[in-house]
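What follows is one structure encoded as structure tokens, with my remarks underneath.
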Amino acid sequence: MSAEPRINDRIRVPEVRLVGPSGEQVGIVPLAKALELAQEYDLDLVEVAANARPPVCKLMDYGKFKYESAMKAREARKNQAHTVIKEMKLRPKIDPHDYDTKKGHVVRFLKQGDKVKITIMFRGREQSRPELGYRLLQRLAEDVADLGFVESNPKQDGRNMIMVLGPHKKKTEAMAEARQAQEARKAEAKANPGKSQNAADADGAQAAEEPAEA
């Protein structure tokens, strides 16, 4: 079944309740009269409430109406927040450098407004020391507490232990902030078009002055 409303000569009723181009109530008029008014205004007669008795029709530019509706729907889809769950895997005896790297990824995901599934992978005898994974998950949750919260507490899942972190910031807020930051960068680049080039030229000149290594 088509969602398109009936327009002009596709409307098959003896009379309609007519709404004018500016939303004014014209009243109940014969269909022929409504079509005549549509021609006079160079507009379309569009059935906006088919189940009413009589049906409600409005005079409008249907092509323009469809275009504006499509643009609004497109903008709504662009701003729609899709819940994304990222995953980060760690070992219970992870070294400090790897931990900082993994934590950095978790921070980035939370800043983007995404949830993060943290998986601790146990191997061999590590499976008999679940407290190692639990402590590691607690440490990570505390380290990123300003950006996220524990949405799902640590639980054992076979050889793995899993915890889910949720962001304090909503996805829509993160997207809006990202757009604002991008617009600010564009504005700065437009206001200072030679800044990047000058920096590159300075780096090149400095490299030319430096003596080559023996």
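Simple scheme: letters A, B, ... for chains in structure tokens order, numbers from 1 for residues in each chain, numbers from 1 for ligands in the order shown.
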- Query: Could you name the residues that touch A:Gln39 at 12 Å or less, counting only C-alpha atoms, but leaving out those on the same chain fewer than 4 positions away, as a ChimeraX atom specification?
  - Reply: /A:8-9,32-35,43-45,59-61
Output file for the residues above (N, CA and C atoms, as a JSON list (two decimals), in the first residue's frame):
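For reference, part09.json as written:
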```
[["chain", "number", "residue", "atom", "x", "y", "z"],
["A", 8, "ASN", "N", -5.05, 15.99, -6.59],
["A", 8, "ASN", "CA", -5.75, 16.46, -7.78],
["A", 8, "ASN", "C", -6.81, 15.48, -8.27],
["A", 9, "ASP", "N", -6.70, 15.04, -9.53],
["A", 9, "ASP", "CA", -7.77, 14.20, -10.10],
["A", 9, "ASP", "C", -7.78, 12.77, -9.58],
["A", 32, "ALA", "N", -15.14, 19.64, -7.40],
["A", 32, "ALA", "CA", -14.88, 20.42, -8.61],
["A", 32, "ALA", "C", -14.44, 21.84, -8.26],
["A", 33, "LYS", "N", -15.06, 22.43, -7.22],
["A", 33, "LYS", "CA", -14.70, 23.77, -6.79],
["A", 33, "LYS", "C", -13.28, 23.79, -6.22],
["A", 34, "ALA", "N", -12.94, 22.78, -5.45],
["A", 34, "ALA", "CA", -11.61, 22.70, -4.86],
["A", 34, "ALA", "C", -10.53, 22.58, -5.94],
["A", 35, "LEU", "N", -10.82, 21.77, -6.97],
["A", 35, "LEU", "CA", -9.87, 21.62, -8.07],
["A", 35, "LEU", "C", -9.75, 22.93, -8.85],
["A", 43, "LEU", "N", -1.59, 25.59, -7.71],
["A", 43, "LEU", "CA", -1.15, 24.67, -6.66],
["A", 43, "LEU", "C", -1.81, 23.32, -6.87],
["A", 44, "ASP", "N", -1.48, 22.40, -5.98],
["A", 44, "ASP", "CA", -2.08, 21.06, -6.02],
["A", 44, "ASP", "C", -3.12, 20.93, -4.92],
["A", 45, "LEU", "N", -4.13, 20.10, -5.18],
["A", 45, "LEU", "CA", -5.10, 19.75, -4.15],
["A", 45, "LEU", "C", -4.63, 18.42, -3.56],
["A", 59, "LEU", "N", -4.57, 23.03, -0.22],
["A", 59, "LEU", "CA", -3.92, 23.59, -1.41],
["A", 59, "LEU", "C", -2.45, 23.83, -1.10],
["A", 60, "MET", "N", -1.57, 23.20, -1.87],
["A", 60, "MET", "CA", -0.13, 23.35, -1.63],
["A", 60, "MET", "C", 0.66, 23.01, -2.88],
["A", 61, "ASP", "N", 1.94, 23.40, -2.85],
["A", 61, "ASP", "CA", 2.88, 22.99, -3.90],
["A", 61, "ASP", "C", 3.40, 21.62, -3.48]]
```
- Message: For stretch 108-111 of chain A, find every residue with an atom within 8 Å (counting only C-alpha atoms), except residues of its own chain fewer than 3 positions away, and show them as number ranges by chain.
- Response: A: 86, 104-105, 114-116, 147-148, 166-169, 174
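Residues of stretch 54-137 of chain A that DSSP, applied to the backbone, places in strand (DSSP E): Val56, Cys57, Lys58, Leu59, Met60, Ile85, Lys86, Glu87, Met88, Lys89, Leu90, Lys115, Val116, Lys117, Ile118, Thr119, Ile120 and Met121 of chain A.
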Please tabulate, as a Markdown table, the residues of stretch 111-140 of chain A that come within 9 Å of stretch 91-96 of chain A, each with its closest pair of atoms and the distance in Å to one decimal, counting only C-alpha atoms and ordering rows by chain, then residue number upward.
```
| residue | atom | partner | partner_atom | distance |
| --- | --- | --- | --- | --- |
| A:Thr119 | CA | A:Arg91 | CA | 8.4 |
| A:Ile120 | CA | A:Arg91 | CA | 5.5 |
| A:Met121 | CA | A:Arg91 | CA | 5.3 |
| A:Phe122 | CA | A:Arg91 | CA | 6.7 |
| A:Arg123 | CA | A:Arg91 | CA | 8.7 |
| A:Glu126 | CA | A:Pro92 | CA | 7.8 |
| A:Pro130 | CA | A:Pro92 | CA | 8.6 |
| A:Leu132 | CA | A:Pro92 | CA | 5.8 |
| A:Gly133 | CA | A:Pro92 | CA | 5.1 |
| A:Tyr134 | CA | A:Pro92 | CA | 8.7 |
| A:Arg135 | CA | A:Pro92 | CA | 8.8 |
| A:Leu136 | CA | A:Pro92 | CA | 6.8 |
```
- Excluding A:Ile28 and residues on its chain fewer than 6 positions from it, collect all residues at most 12 Å away from it, counting only C-alpha atoms, and give them as number ranges by chain. A: 13-20, 34, 52-58
Exercise: A:Ile11 partners within 9 Å, only C-alpha atoms, chain neighbours under 4 positions left out, as a short mmCIF file (atom, residue, chain, number, x, y, z; two decimals) with N, CA and C atoms, in the first residue's frame:
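This went into part04.cif:
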```cif
data_model
loop_
_atom_site.label_atom_id
_atom_site.label_comp_id
_atom_site.auth_asym_id
_atom_site.auth_seq_id
_atom_site.Cartn_x
_atom_site.Cartn_y
_atom_site.Cartn_z
N ARG A 6 -3.37 11.04 -2.00
CA ARG A 6 -4.01 11.28 -3.30
C ARG A 6 -3.99 12.78 -3.58
N ILE A 7 -3.74 13.13 -4.82
CA ILE A 7 -3.70 14.55 -5.19
C ILE A 7 -4.52 14.78 -6.46
N LEU A 31 -15.83 18.92 -4.79
CA LEU A 31 -14.51 18.60 -5.30
C LEU A 31 -14.17 19.44 -6.52
N LEU A 45 -4.13 20.10 -5.18
CA LEU A 45 -5.10 19.75 -4.15
C LEU A 45 -4.63 18.42 -3.56
N VAL A 46 -4.25 18.44 -2.28
CA VAL A 46 -3.65 17.26 -1.64
C VAL A 46 -4.55 16.79 -0.50
N GLU A 47 -4.87 15.49 -0.52
CA GLU A 47 -5.70 14.89 0.52
C GLU A 47 -4.81 14.62 1.74
#
```
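Pairwise distance (atom CA of A:Lys103, atom CA of A:Arg139) equals 10.4 Å.
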